[in-house]
Amino acid sequence: MPMKQREINTILMTYGFMLSDESVRKDHIDAIQTAAPSAKLVITRSKADWEQQKDEIGPRVDVLFGMNPGQWHQKLPNLRWSQQLGAGADWLSAYTDFVNSDVILTNASGVHGIPISEHILALMFALSRKIHDSVRNQTLHEWDRRGNLGEIEGSTMGLLGVGAIGSKTAQKAKALGMKVLGYRRNPGQSDPNVDEMFGPEGLNDLIARSDWVVLTVAATPETDGLIGENQLRAMKPSAYIINIARGKVIDEEALITALREKWIAGAGLDVFAREPLPGDSPLWDMKNVIITPHFAGATPYYIDRLMDIFTENLRRYQAGEPLINVVNKTLGY
């Protein structure tokens with residue numbers, strides 16, 4: 001039996017952190033209008049722009065394309081579907097009315113796979129080959145050949161989170177000759193590039209066997225504090241931890257202690273409990289830590305890939321077909 005087709009009245013695209021006149025090109029707008037020719041596309045470029053139009057367009061909007069849909073839910077009484085700009089949906093915990101609503105939420109899963117997996121490997125290569133030490137020595141004009149350099153090939157990656165980003169990371173790790181151990185909520189769901197899959201009960205076993213503990217899990221109540229003192233002590237003294245997930249996945253104080261006391265060899269960190277990372281954080285001055293400012297997902301192709309997802313979902317929505325990247329609002333991913 002064919003699914004019921006759906007009409008779109010108005011699409012609201014809100015500019016801000018990612019969407020702007022610089023990032024959204026004419027071909028992007030054309031693609032949206034081609035995918036939904038009967039819908040009106042409204043772009044708000046600022047809060048003042050929205051305030052001027054809200055009474056007229058607010059009741060007509062059924063599709064939202066922009067940041068944090070939870071903030072818009074009460075302003076758009078006929079909203080039916082929201083396409084968010086990022087993959088993470090940890091903001092949902094602050095908007096229970098949106099979680100309990102019938103509004104469909106889709107995310108940008110798939111946009112980040114290439115840049116984040118490359119960022120993970122960049123941190124791993126830098127830590128293994130002590131590139132960060134050489135950069136520091138370069139600024140001091142010091143020629144220092146001391147230090148034990150490592151190899152990636154033949155080592156074991158413990159990959160916590162095997163979604164779109166984790167799967168892409170596993171693919172590249174296998175191409176480098178690594179063994180990959182995966183961790184996911186449902187370990188029965190396999191991945192062609194993961195050698196063994198573990199569930200929650202096997203977390204510490206996976207960690208103890210890994211040379212690289214890589215965090216790509218979604219930020220949910222279940223993953224808050226996933227890595228604490230117990231897990232850090234389970235790691236090999238020669239192992240490194242890489243976090244591109246969310247800062248709250250790791251107990252940061254326990255991590256600082258682990259790094260100071262050399263329970264582990266080092267860390268590559270793109271996310272933190274507080275962002276920006278406070279200037280007095282001990283992490284800044286640790287020689288066995290590489291810090292990047294939460295930009296692992298940055299790529300010049302972000303908006304292009306996001307538009308591909310959105311326009312495909314516009315087609316599916318109108319045809320009455322299941323959308324891609326639908327978020328389970330209760331689970332948060």
# chains A, B, ... in the order shown; residues from 1 in each chain; ligands from 1
$ select_by_dssp --residues "stretch 153-221 of chain A" --states "helix (DSSP H, G or I)" --output "number ranges by chain"
A: 164-175, 200-209
$ write_last_selection --atoms "C-alpha atoms" --output "PDB file, in the first residue's frame"
ATOM      1  CA  ALA A 164      28.611   6.964  10.966  1.00  0.00           C
ATOM      2  CA  ILE A 165      31.800   8.537  12.349  1.00  0.00           C
ATOM      3  CA  GLY A 166      32.964   5.402  14.130  1.00  0.00           C
ATOM      4  CA  SER A 167      32.367   3.246  11.079  1.00  0.00           C
ATOM      5  CA  LYS A 168      34.410   5.582   8.871  1.00  0.00           C
ATOM      6  CA  THR A 169      37.176   5.607  11.469  1.00  0.00           C
ATOM      7  CA  ALA A 170      37.176   1.802  11.615  1.00  0.00           C
ATOM      8  CA  GLN A 171      37.458   1.630   7.823  1.00  0.00           C
ATOM      9  CA  LYS A 172      40.566   3.818   7.844  1.00  0.00           C
ATOM     10  CA  ALA A 173      42.074   2.039  10.834  1.00  0.00           C
ATOM     11  CA  LYS A 174      41.775  -1.317   9.071  1.00  0.00           C
ATOM     12  CA  ALA A 175      43.426   0.159   5.968  1.00  0.00           C
ATOM     13  CA  PRO A 200      28.347  -2.228  27.950  1.00  0.00           C
ATOM     14  CA  GLU A 201      29.300  -5.281  29.994  1.00  0.00           C
ATOM     15  CA  GLY A 202      32.523  -5.673  27.985  1.00  0.00           C
ATOM     16  CA  LEU A 203      33.705  -2.059  28.176  1.00  0.00           C
ATOM     17  CA  ASN A 204      36.638  -2.560  30.530  1.00  0.00           C
ATOM     18  CA  ASP A 205      37.799  -5.659  28.643  1.00  0.00           C
ATOM     19  CA  LEU A 206      37.864  -3.674  25.384  1.00  0.00           C
ATOM     20  CA  ILE A 207      39.752  -0.823  27.064  1.00  0.00           C
ATOM     21  CA  ALA A 208      42.336  -3.146  28.623  1.00  0.00           C
ATOM     22  CA  ARG A 209      43.120  -4.654  25.207  1.00  0.00           C
TER      23      ARG A 209
END
$ residues_around --residues "stretch 251-262 of chain A" --least-positions-apart "5" --cutoff "9 Å" --atoms "only C-alpha atoms" --output "count of residues only"
18
$ atom_distance --atom1 "atom CA of A:Thr139" --atom2 "atom CA of A:Gly266"
21.5 Å
$ residues_around --residues "A:Leu64" --least-positions-apart "3" --cutoff "9 Å" --atoms "only C-alpha atoms" --output "list in words"
Thr10, Ile11, Leu12, Met13, Thr14, Val61, Pro69, Trp72, Leu76, Leu79, Arg80, Trp81, Ser82, Gln83 and Gln84 of chain A
$ write_last_selection --atoms "all heavy atoms" --output "tab-separated table (two decimals), in the first residue's frame"
chain	number	residue	atom	x	y	z
A	10	THR	N	5.48	25.91	4.19
A	10	THR	CA	6.58	26.87	4.32
A	10	THR	C	7.79	26.22	4.97
A	10	THR	O	7.67	25.55	5.99
A	10	THR	CB	6.15	28.09	5.16
A	10	THR	OG1	5.02	28.71	4.52
A	10	THR	CG2	7.28	29.10	5.28
A	11	ILE	N	8.95	26.45	4.37
A	11	ILE	CA	10.22	26.02	4.94
A	11	ILE	C	10.89	27.26	5.53
A	11	ILE	O	11.08	28.26	4.84
A	11	ILE	CB	11.15	25.41	3.86
A	11	ILE	CG1	10.48	24.22	3.18
A	11	ILE	CG2	12.49	25.03	4.46
A	11	ILE	CD1	11.20	23.76	1.92
A	12	LEU	N	11.24	27.18	6.80
A	12	LEU	CA	11.96	28.28	7.45
A	12	LEU	C	13.42	27.88	7.61
A	12	LEU	O	13.74	26.88	8.26
A	12	LEU	CB	11.36	28.58	8.82
A	12	LEU	CG	12.11	29.62	9.67
A	12	LEU	CD1	12.16	30.97	8.96
A	12	LEU	CD2	11.47	29.76	11.05
A	13	MET	N	14.32	28.65	7.01
A	13	MET	CA	15.76	28.44	7.14
A	13	MET	C	16.32	29.58	7.98
A	13	MET	O	16.20	30.75	7.61
A	13	MET	CB	16.45	28.36	5.79
A	13	MET	CG	17.93	28.07	5.88
A	13	MET	SD	18.66	27.34	4.37
A	13	MET	CE	18.37	28.64	3.19
A	14	THR	N	16.90	29.24	9.12
A	14	THR	CA	17.40	30.26	10.05
A	14	THR	C	18.92	30.36	9.96
A	14	THR	O	19.63	29.38	10.15
A	14	THR	CB	16.99	29.93	11.49
A	14	THR	OG1	17.54	28.65	11.87
A	14	THR	CG2	15.47	29.86	11.62
A	61	VAL	N	4.78	27.73	9.06
A	61	VAL	CA	5.98	26.92	8.93
A	61	VAL	C	5.71	25.49	9.36
A	61	VAL	O	5.28	25.23	10.47
A	61	VAL	CB	7.14	27.51	9.77
A	61	VAL	CG1	8.34	26.57	9.76
A	61	VAL	CG2	7.53	28.88	9.24
A	69	PRO	N	16.35	23.17	17.21
A	69	PRO	CA	14.90	23.23	17.00
A	69	PRO	C	14.10	23.40	18.29
A	69	PRO	O	12.98	23.93	18.25
A	69	PRO	CB	14.58	21.89	16.34
A	69	PRO	CG	15.86	21.43	15.76
A	69	PRO	CD	16.93	21.94	16.66
A	72	TRP	N	12.69	26.71	18.90
A	72	TRP	CA	11.70	27.18	17.95
A	72	TRP	C	10.34	26.51	18.09
A	72	TRP	O	9.37	26.94	17.51
A	72	TRP	CB	12.22	26.95	16.52
A	72	TRP	CG	13.34	27.85	16.15
A	72	TRP	CD1	14.67	27.60	16.31
A	72	TRP	CD2	13.24	29.15	15.59
A	72	TRP	NE1	15.41	28.66	15.88
A	72	TRP	CE2	14.56	29.63	15.41
A	72	TRP	CE3	12.18	29.96	15.19
A	72	TRP	CZ2	14.84	30.88	14.88
A	72	TRP	CZ3	12.46	31.21	14.65
A	72	TRP	CH2	13.76	31.66	14.51
A	76	LEU	N	6.57	27.93	16.52
A	76	LEU	CA	6.07	27.38	15.25
A	76	LEU	C	5.01	26.32	15.56
A	76	LEU	O	5.31	25.13	15.62
A	76	LEU	CB	7.23	26.77	14.45
A	76	LEU	CG	8.43	27.70	14.20
A	76	LEU	CD1	9.57	26.94	13.55
A	76	LEU	CD2	8.03	28.90	13.35
A	79	LEU	N	4.71	23.16	13.21
A	79	LEU	CA	5.95	22.50	12.80
A	79	LEU	C	5.74	20.98	12.79
A	79	LEU	O	5.21	20.40	13.73
A	79	LEU	CB	7.07	22.85	13.76
A	79	LEU	CG	8.47	22.32	13.43
A	79	LEU	CD1	8.97	22.90	12.11
A	79	LEU	CD2	9.45	22.64	14.57
A	80	ARG	N	6.20	20.34	11.70
A	80	ARG	CA	6.05	18.89	11.56
A	80	ARG	C	7.39	18.15	11.48
A	80	ARG	O	7.50	16.99	11.84
A	80	ARG	CB	5.22	18.57	10.31
A	80	ARG	CG	3.79	19.10	10.38
A	80	ARG	CD	2.98	18.32	11.41
A	80	ARG	NE	1.63	18.87	11.59
A	80	ARG	CZ	1.28	19.73	12.53
A	80	ARG	NH1	2.19	20.14	13.43
A	80	ARG	NH2	0.06	20.19	12.63
A	81	TRP	N	8.40	18.87	10.95
A	81	TRP	CA	9.70	18.22	10.78
A	81	TRP	C	10.79	19.28	10.91
A	81	TRP	O	10.66	20.38	10.38
A	81	TRP	CB	9.78	17.52	9.43
A	81	TRP	CG	11.18	17.23	8.94
A	81	TRP	CD1	12.23	16.78	9.67
A	81	TRP	CD2	11.67	17.42	7.60
A	81	TRP	NE1	13.35	16.66	8.87
A	81	TRP	CE2	13.03	17.04	7.60
A	81	TRP	CE3	11.09	17.84	6.41
A	81	TRP	CZ2	13.81	17.10	6.46
A	81	TRP	CZ3	11.86	17.89	5.26
A	81	TRP	CH2	13.21	17.51	5.29
A	82	SER	N	11.88	18.93	11.61
A	82	SER	CA	13.00	19.84	11.78
A	82	SER	C	14.30	19.15	11.40
A	82	SER	O	14.60	18.06	11.90
A	82	SER	CB	13.08	20.33	13.23
A	82	SER	OG	14.14	21.23	13.39
A	83	GLN	N	15.04	19.79	10.52
A	83	GLN	CA	16.37	19.31	10.13
A	83	GLN	C	17.40	20.15	10.87
A	83	GLN	O	17.54	21.35	10.64
A	83	GLN	CB	16.59	19.45	8.62
A	83	GLN	CG	18.01	19.18	8.15
A	83	GLN	CD	18.43	17.73	8.29
A	83	GLN	OE1	17.76	16.84	7.77
A	83	GLN	NE2	19.54	17.48	8.99
A	84	GLN	N	18.14	19.53	11.81
A	84	GLN	CA	19.16	20.27	12.54
A	84	GLN	C	20.47	20.27	11.76
A	84	GLN	O	20.67	19.46	10.84
A	84	GLN	CB	19.35	19.74	13.94
A	84	GLN	CG	19.98	18.36	14.03
A	84	GLN	CD	20.29	17.99	15.48
A	84	GLN	OE1	19.54	18.28	16.39
A	84	GLN	NE2	21.42	17.34	15.68
$ residues_around --residues "A:Thr216" --least-positions-apart "4" --cutoff "12 Å" --atoms "only C-alpha atoms" --output "compact mmCIF listing (two decimals) with all heavy atoms, in the first residue's frame"
# COMPACT_ATOMS: atom_id res chain seq x y z
N ALA A 87 25.17 16.76 14.10
CA ALA A 87 24.81 15.37 14.33
C ALA A 87 24.36 15.14 15.77
O ALA A 87 23.40 14.40 16.02
CB ALA A 87 26.00 14.46 14.01
N GLY A 88 25.04 15.77 16.72
CA GLY A 88 24.72 15.58 18.13
C GLY A 88 23.40 16.22 18.52
O GLY A 88 23.07 17.32 18.06
N HIS A 112 30.06 14.41 8.92
CA HIS A 112 31.32 14.52 9.65
C HIS A 112 32.26 13.33 9.48
O HIS A 112 33.39 13.37 9.98
CB HIS A 112 31.04 14.66 11.15
CG HIS A 112 30.06 15.72 11.49
ND1 HIS A 112 28.70 15.50 11.49
CD2 HIS A 112 30.23 17.02 11.84
CE1 HIS A 112 28.08 16.61 11.85
NE2 HIS A 112 28.97 17.54 12.06
N GLY A 113 31.82 12.28 8.82
CA GLY A 113 32.61 11.05 8.80
C GLY A 113 34.02 11.23 8.31
O GLY A 113 34.98 10.74 8.93
N ILE A 116 36.21 14.06 10.65
CA ILE A 116 36.48 13.63 12.02
C ILE A 116 37.36 12.38 12.04
O ILE A 116 38.28 12.28 12.87
CB ILE A 116 35.17 13.41 12.80
CG1 ILE A 116 34.49 14.76 13.06
CG2 ILE A 116 35.45 12.70 14.13
CD1 ILE A 116 33.24 14.69 13.91
N SER A 117 37.12 11.45 11.14
CA SER A 117 37.99 10.26 11.11
C SER A 117 39.43 10.65 10.76
O SER A 117 40.38 10.10 11.32
CB SER A 117 37.45 9.22 10.12
OG SER A 117 37.40 9.74 8.80
N HIS A 119 40.74 13.58 11.49
CA HIS A 119 41.24 14.28 12.67
C HIS A 119 41.70 13.30 13.74
O HIS A 119 42.75 13.50 14.37
CB HIS A 119 40.12 15.19 13.23
CG HIS A 119 40.61 16.25 14.15
ND1 HIS A 119 41.00 17.49 13.73
CD2 HIS A 119 40.77 16.26 15.50
CE1 HIS A 119 41.37 18.23 14.78
NE2 HIS A 119 41.24 17.50 15.87
N ILE A 120 40.92 12.24 13.92
CA ILE A 120 41.31 11.20 14.88
C ILE A 120 42.67 10.62 14.51
O ILE A 120 43.56 10.50 15.36
CB ILE A 120 40.24 10.09 14.92
CG1 ILE A 120 38.96 10.59 15.62
CG2 ILE A 120 40.77 8.83 15.61
CD1 ILE A 120 37.77 9.67 15.44
N GLY A 158 40.45 0.64 20.24
CA GLY A 158 39.18 0.40 20.91
C GLY A 158 38.25 1.55 20.57
O GLY A 158 38.45 2.67 21.04
N LEU A 159 37.26 1.29 19.75
CA LEU A 159 36.41 2.34 19.18
C LEU A 159 35.08 2.36 19.93
O LEU A 159 34.24 1.47 19.75
CB LEU A 159 36.20 2.05 17.69
CG LEU A 159 35.46 3.07 16.85
CD1 LEU A 159 36.20 4.40 16.84
CD2 LEU A 159 35.31 2.55 15.42
N LEU A 160 34.88 3.37 20.75
CA LEU A 160 33.65 3.46 21.55
C LEU A 160 32.64 4.32 20.80
O LEU A 160 32.73 5.55 20.79
CB LEU A 160 33.95 4.05 22.93
CG LEU A 160 34.45 3.06 23.99
CD1 LEU A 160 35.75 2.41 23.57
CD2 LEU A 160 34.63 3.77 25.33
N GLY A 161 31.69 3.65 20.14
CA GLY A 161 30.70 4.31 19.29
C GLY A 161 30.97 3.96 17.84
O GLY A 161 31.95 4.43 17.26
N VAL A 162 30.10 3.13 17.26
CA VAL A 162 30.31 2.70 15.87
C VAL A 162 29.11 3.15 15.03
O VAL A 162 28.41 2.34 14.44
CB VAL A 162 30.55 1.18 15.78
CG1 VAL A 162 31.06 0.81 14.38
CG2 VAL A 162 31.57 0.72 16.81
N GLY A 163 28.88 4.46 15.05
CA GLY A 163 27.88 5.05 14.17
C GLY A 163 28.55 5.46 12.88
O GLY A 163 29.52 4.83 12.44
N ALA A 164 28.05 6.52 12.25
CA ALA A 164 28.61 6.96 10.97
C ALA A 164 30.08 7.36 11.10
O ALA A 164 30.92 6.98 10.27
CB ALA A 164 27.79 8.13 10.42
N ILE A 165 30.41 8.11 12.15
CA ILE A 165 31.80 8.54 12.35
C ILE A 165 32.68 7.36 12.75
O ILE A 165 33.77 7.16 12.21
CB ILE A 165 31.87 9.65 13.41
CG1 ILE A 165 31.16 10.91 12.91
CG2 ILE A 165 33.32 9.96 13.78
CD1 ILE A 165 30.93 11.96 13.97
N GLY A 166 32.20 6.56 13.69
CA GLY A 166 32.96 5.40 14.13
C GLY A 166 33.22 4.41 13.01
O GLY A 166 34.32 3.87 12.89
N SER A 167 32.21 4.19 12.18
CA SER A 167 32.37 3.25 11.08
C SER A 167 33.42 3.73 10.08
O SER A 167 34.24 2.94 9.59
CB SER A 167 31.02 3.05 10.38
OG SER A 167 31.12 2.09 9.36
N LYS A 168 33.41 5.02 9.79
CA LYS A 168 34.41 5.58 8.87
C LYS A 168 35.80 5.49 9.48
O LYS A 168 36.79 5.19 8.78
CB LYS A 168 34.06 7.04 8.57
CG LYS A 168 34.84 7.63 7.39
CD LYS A 168 34.35 7.02 6.08
CE LYS A 168 34.96 7.71 4.88
NZ LYS A 168 34.54 7.07 3.60
N THR A 169 35.89 5.71 10.78
CA THR A 169 37.18 5.61 11.47
C THR A 169 37.69 4.17 11.44
O THR A 169 38.88 3.93 11.21
CB THR A 169 37.04 6.09 12.92
OG1 THR A 169 36.54 7.43 12.94
CG2 THR A 169 38.37 6.04 13.64
N ALA A 170 36.79 3.21 11.66
CA ALA A 170 37.18 1.80 11.61
C ALA A 170 37.69 1.41 10.23
O ALA A 170 38.68 0.68 10.10
CB ALA A 170 35.98 0.93 11.99
N GLY A 182 35.16 -2.82 18.66
CA GLY A 182 34.08 -1.85 18.67
C GLY A 182 33.21 -1.96 19.91
O GLY A 182 33.07 -3.04 20.51
N TYR A 183 32.60 -0.83 20.29
CA TYR A 183 31.68 -0.78 21.44
C TYR A 183 30.42 -0.06 21.00
O TYR A 183 30.48 1.04 20.44
CB TYR A 183 32.34 -0.03 22.60
CG TYR A 183 31.41 0.32 23.75
CD1 TYR A 183 31.30 -0.52 24.86
CD2 TYR A 183 30.66 1.49 23.74
CE1 TYR A 183 30.46 -0.21 25.92
CE2 TYR A 183 29.82 1.81 24.80
CZ TYR A 183 29.72 0.97 25.88
OH TYR A 183 28.89 1.28 26.94
N ARG A 184 29.29 -0.70 21.23
CA ARG A 184 28.02 -0.04 20.94
C ARG A 184 26.94 -0.57 21.88
O ARG A 184 27.09 -1.64 22.48
CB ARG A 184 27.63 -0.20 19.48
CG ARG A 184 27.32 -1.57 19.03
CD ARG A 184 27.12 -1.72 17.51
NE ARG A 184 26.84 -0.53 16.76
CZ ARG A 184 26.98 -0.44 15.44
NH1 ARG A 184 27.41 -1.48 14.74
NH2 ARG A 184 26.69 0.67 14.80
N THR A 223 25.91 7.89 28.25
CA THR A 223 27.36 8.03 28.01
C THR A 223 28.01 9.10 28.87
O THR A 223 29.23 9.27 28.81
CB THR A 223 27.64 8.31 26.53
OG1 THR A 223 27.00 9.54 26.14
CG2 THR A 223 27.15 7.17 25.65
N LEU A 226 31.09 8.04 30.94
CA LEU A 226 31.38 6.66 30.50
C LEU A 226 32.81 6.26 30.85
O LEU A 226 33.08 5.11 31.23
CB LEU A 226 31.14 6.55 28.99
CG LEU A 226 31.34 5.17 28.35
CD1 LEU A 226 30.28 4.20 28.83
CD2 LEU A 226 31.32 5.29 26.82
N ILE A 241 44.27 7.97 24.80
CA ILE A 241 42.84 8.16 24.64
C ILE A 241 42.60 9.35 23.72
O ILE A 241 43.28 10.38 23.84
CB ILE A 241 42.13 8.33 26.01
CG1 ILE A 241 40.62 8.25 25.85
CG2 ILE A 241 42.54 9.63 26.70
CD1 ILE A 241 39.87 8.02 27.15
N ILE A 242 41.65 9.21 22.80
CA ILE A 242 41.28 10.25 21.85
C ILE A 242 39.80 10.55 22.04
O ILE A 242 38.97 9.64 21.98
CB ILE A 242 41.51 9.80 20.39
CG1 ILE A 242 42.94 9.25 20.18
CG2 ILE A 242 41.19 10.94 19.42
CD1 ILE A 242 44.02 10.28 20.26
N ASN A 243 39.46 11.82 22.26
CA ASN A 243 38.05 12.18 22.45
C ASN A 243 37.62 13.25 21.47
O ASN A 243 38.07 14.39 21.53
CB ASN A 243 37.80 12.66 23.88
CG ASN A 243 36.30 12.81 24.17
OD1 ASN A 243 35.45 12.36 23.39
ND2 ASN A 243 35.98 13.44 25.28
N ILE A 244 36.71 12.87 20.55
CA ILE A 244 36.07 13.85 19.65
C ILE A 244 34.56 13.81 19.84
O ILE A 244 33.83 14.41 19.06
CB ILE A 244 36.43 13.57 18.17
CG1 ILE A 244 35.99 12.15 17.74
CG2 ILE A 244 37.94 13.73 17.94
CD1 ILE A 244 34.57 11.98 17.38
N ALA A 245 34.11 13.15 20.92
CA ALA A 245 32.67 12.98 21.16
C ALA A 245 32.12 14.21 21.86
O ALA A 245 31.73 15.19 21.22
CB ALA A 245 32.43 11.71 21.98
N ARG A 246 32.07 14.18 23.17
CA ARG A 246 31.70 15.32 24.01
C ARG A 246 32.54 15.26 25.27
O ARG A 246 32.89 14.17 25.75
CB ARG A 246 30.21 15.31 24.37
CG ARG A 246 29.27 15.69 23.24
CD ARG A 246 29.38 17.16 22.88
NE ARG A 246 28.36 17.58 21.92
CZ ARG A 246 28.49 17.53 20.60
NH1 ARG A 246 29.61 17.04 20.07
NH2 ARG A 246 27.52 17.96 19.81
N GLY A 247 32.85 16.42 25.83
CA GLY A 247 33.71 16.46 27.00
C GLY A 247 33.18 15.68 28.17
O GLY A 247 33.94 15.04 28.91
N VAL A 249 31.72 12.95 28.34
CA VAL A 249 31.87 11.49 28.24
C VAL A 249 33.01 11.01 29.14
O VAL A 249 33.00 9.89 29.63
CB VAL A 249 32.10 11.07 26.78
CG1 VAL A 249 32.43 9.58 26.68
CG2 VAL A 249 30.86 11.38 25.93
N ILE A 250 34.00 11.89 29.38
CA ILE A 250 35.13 11.56 30.26
C ILE A 250 35.02 12.36 31.55
O ILE A 250 34.69 13.54 31.54
CB ILE A 250 36.47 11.91 29.60
CG1 ILE A 250 36.66 11.14 28.29
CG2 ILE A 250 37.63 11.60 30.53
CD1 ILE A 250 37.99 11.44 27.60
N LEU A 269 42.65 15.54 22.54
CA LEU A 269 41.34 16.01 22.98
C LEU A 269 40.83 17.15 22.10
O LEU A 269 41.50 18.19 21.96
CB LEU A 269 41.43 16.48 24.44
CG LEU A 269 42.01 15.48 25.44
CD1 LEU A 269 42.21 16.15 26.80
CD2 LEU A 269 41.10 14.26 25.56
N ASP A 270 39.64 16.95 21.57
CA ASP A 270 38.99 18.00 20.77
C ASP A 270 37.79 18.59 21.51
O ASP A 270 37.26 19.62 21.09
CB ASP A 270 38.54 17.43 19.42
CG ASP A 270 38.00 18.49 18.48
OD1 ASP A 270 38.75 19.44 18.16
OD2 ASP A 270 36.82 18.39 18.05
N VAL A 271 37.36 17.94 22.58
CA VAL A 271 36.17 18.37 23.34
C VAL A 271 36.46 18.32 24.83
O VAL A 271 37.29 17.53 25.29
CB VAL A 271 34.95 17.47 23.00
CG1 VAL A 271 34.46 17.73 21.59
CG2 VAL A 271 35.29 15.99 23.16
N ALA A 296 37.03 19.23 15.07
CA ALA A 296 37.32 17.99 14.33
C ALA A 296 36.37 17.80 13.16
O ALA A 296 36.73 17.18 12.15
CB ALA A 296 37.25 16.78 15.27
N GLY A 297 35.15 18.32 13.26
CA GLY A 297 34.17 18.14 12.20
C GLY A 297 34.21 19.19 11.12
O GLY A 297 33.44 19.14 10.16
$ atom_distance --atom1 "atom CA of A:Ile309" --atom2 "atom CA of A:Pro322"
13.0 Å
$ atom_distance --atom1 "atom CA of A:Trp212" --atom2 "atom CA of A:Asn148"
16.5 Å
$ residues_around --residues "A:Asp49" --least-positions-apart "6" --cutoff "12 Å" --atoms "only C-alpha atoms" --output "list in words"
Met13, Thr14, Tyr15, Gly16, Val42, Ile43, Asp55 and Ile57 of chain A
$ residues_around --residues "A:Asp27" --least-positions-apart "2" --cutoff "12 Å" --atoms "only C-alpha atoms" --output "list in words"
Ser23, Val24, Arg25, Ile29, Asp30, Ala31, Ile32, Gln33, Thr34, Ile303, Asp304, Met307, Asp308 and Thr311 of chain A
$ residues_around --residues "stretch 128-131 of chain A" --least-positions-apart "4" --cutoff "7 Å" --atoms "only C-alpha atoms" --output "list in words"
Met124, Val135, Leu149, Gly150 and Glu151 of chain A
$ select_by_dssp --residues "stretch 92-189 of chain A" --states "strand (DSSP E or B)" --output "MDAnalysis selection string"
chainID A and resid 104:106 156:160 179:183
$ write_last_selection --atoms "N, CA, C and O atoms" --output "compact mmCIF listing (two decimals), in the first residue's frame"
# COMPACT_ATOMS: atom_id res chain seq x y z
N ILE A 104 9.10 15.48 13.85
CA ILE A 104 10.20 14.60 13.42
C ILE A 104 11.49 15.41 13.47
O ILE A 104 11.56 16.55 13.01
N LEU A 105 12.54 14.81 14.02
CA LEU A 105 13.85 15.45 14.06
C LEU A 105 14.85 14.62 13.27
O LEU A 105 14.97 13.41 13.49
N THR A 106 15.53 15.27 12.33
CA THR A 106 16.60 14.61 11.59
C THR A 106 17.90 15.38 11.83
O THR A 106 17.89 16.58 12.07
N THR A 156 46.11 -1.84 18.31
CA THR A 156 44.68 -2.11 18.47
C THR A 156 43.94 -0.83 18.84
O THR A 156 44.32 -0.14 19.79
N MET A 157 42.88 -0.56 18.09
CA MET A 157 42.01 0.57 18.39
C MET A 157 40.75 0.07 19.09
O MET A 157 40.08 -0.83 18.60
N GLY A 158 40.45 0.64 20.24
CA GLY A 158 39.18 0.40 20.91
C GLY A 158 38.25 1.55 20.57
O GLY A 158 38.45 2.67 21.04
N LEU A 159 37.26 1.29 19.75
CA LEU A 159 36.41 2.34 19.18
C LEU A 159 35.08 2.36 19.93
O LEU A 159 34.24 1.47 19.75
N LEU A 160 34.88 3.37 20.75
CA LEU A 160 33.65 3.46 21.55
C LEU A 160 32.64 4.32 20.80
O LEU A 160 32.73 5.55 20.79
N LYS A 179 44.02 -3.55 14.33
CA LYS A 179 42.91 -4.36 14.80
C LYS A 179 41.91 -3.42 15.45
O LYS A 179 42.28 -2.52 16.19
N VAL A 180 40.61 -3.62 15.16
CA VAL A 180 39.60 -2.72 15.67
C VAL A 180 38.60 -3.47 16.55
O VAL A 180 37.97 -4.44 16.11
N LEU A 181 38.49 -3.01 17.79
CA LEU A 181 37.49 -3.51 18.72
C LEU A 181 36.42 -2.44 18.84
O LEU A 181 36.73 -1.28 19.10
N GLY A 182 35.16 -2.82 18.66
CA GLY A 182 34.08 -1.85 18.67
C GLY A 182 33.21 -1.96 19.91
O GLY A 182 33.07 -3.04 20.51
N TYR A 183 32.60 -0.83 20.29
CA TYR A 183 31.68 -0.78 21.44
C TYR A 183 30.42 -0.06 21.00
O TYR A 183 30.48 1.04 20.44
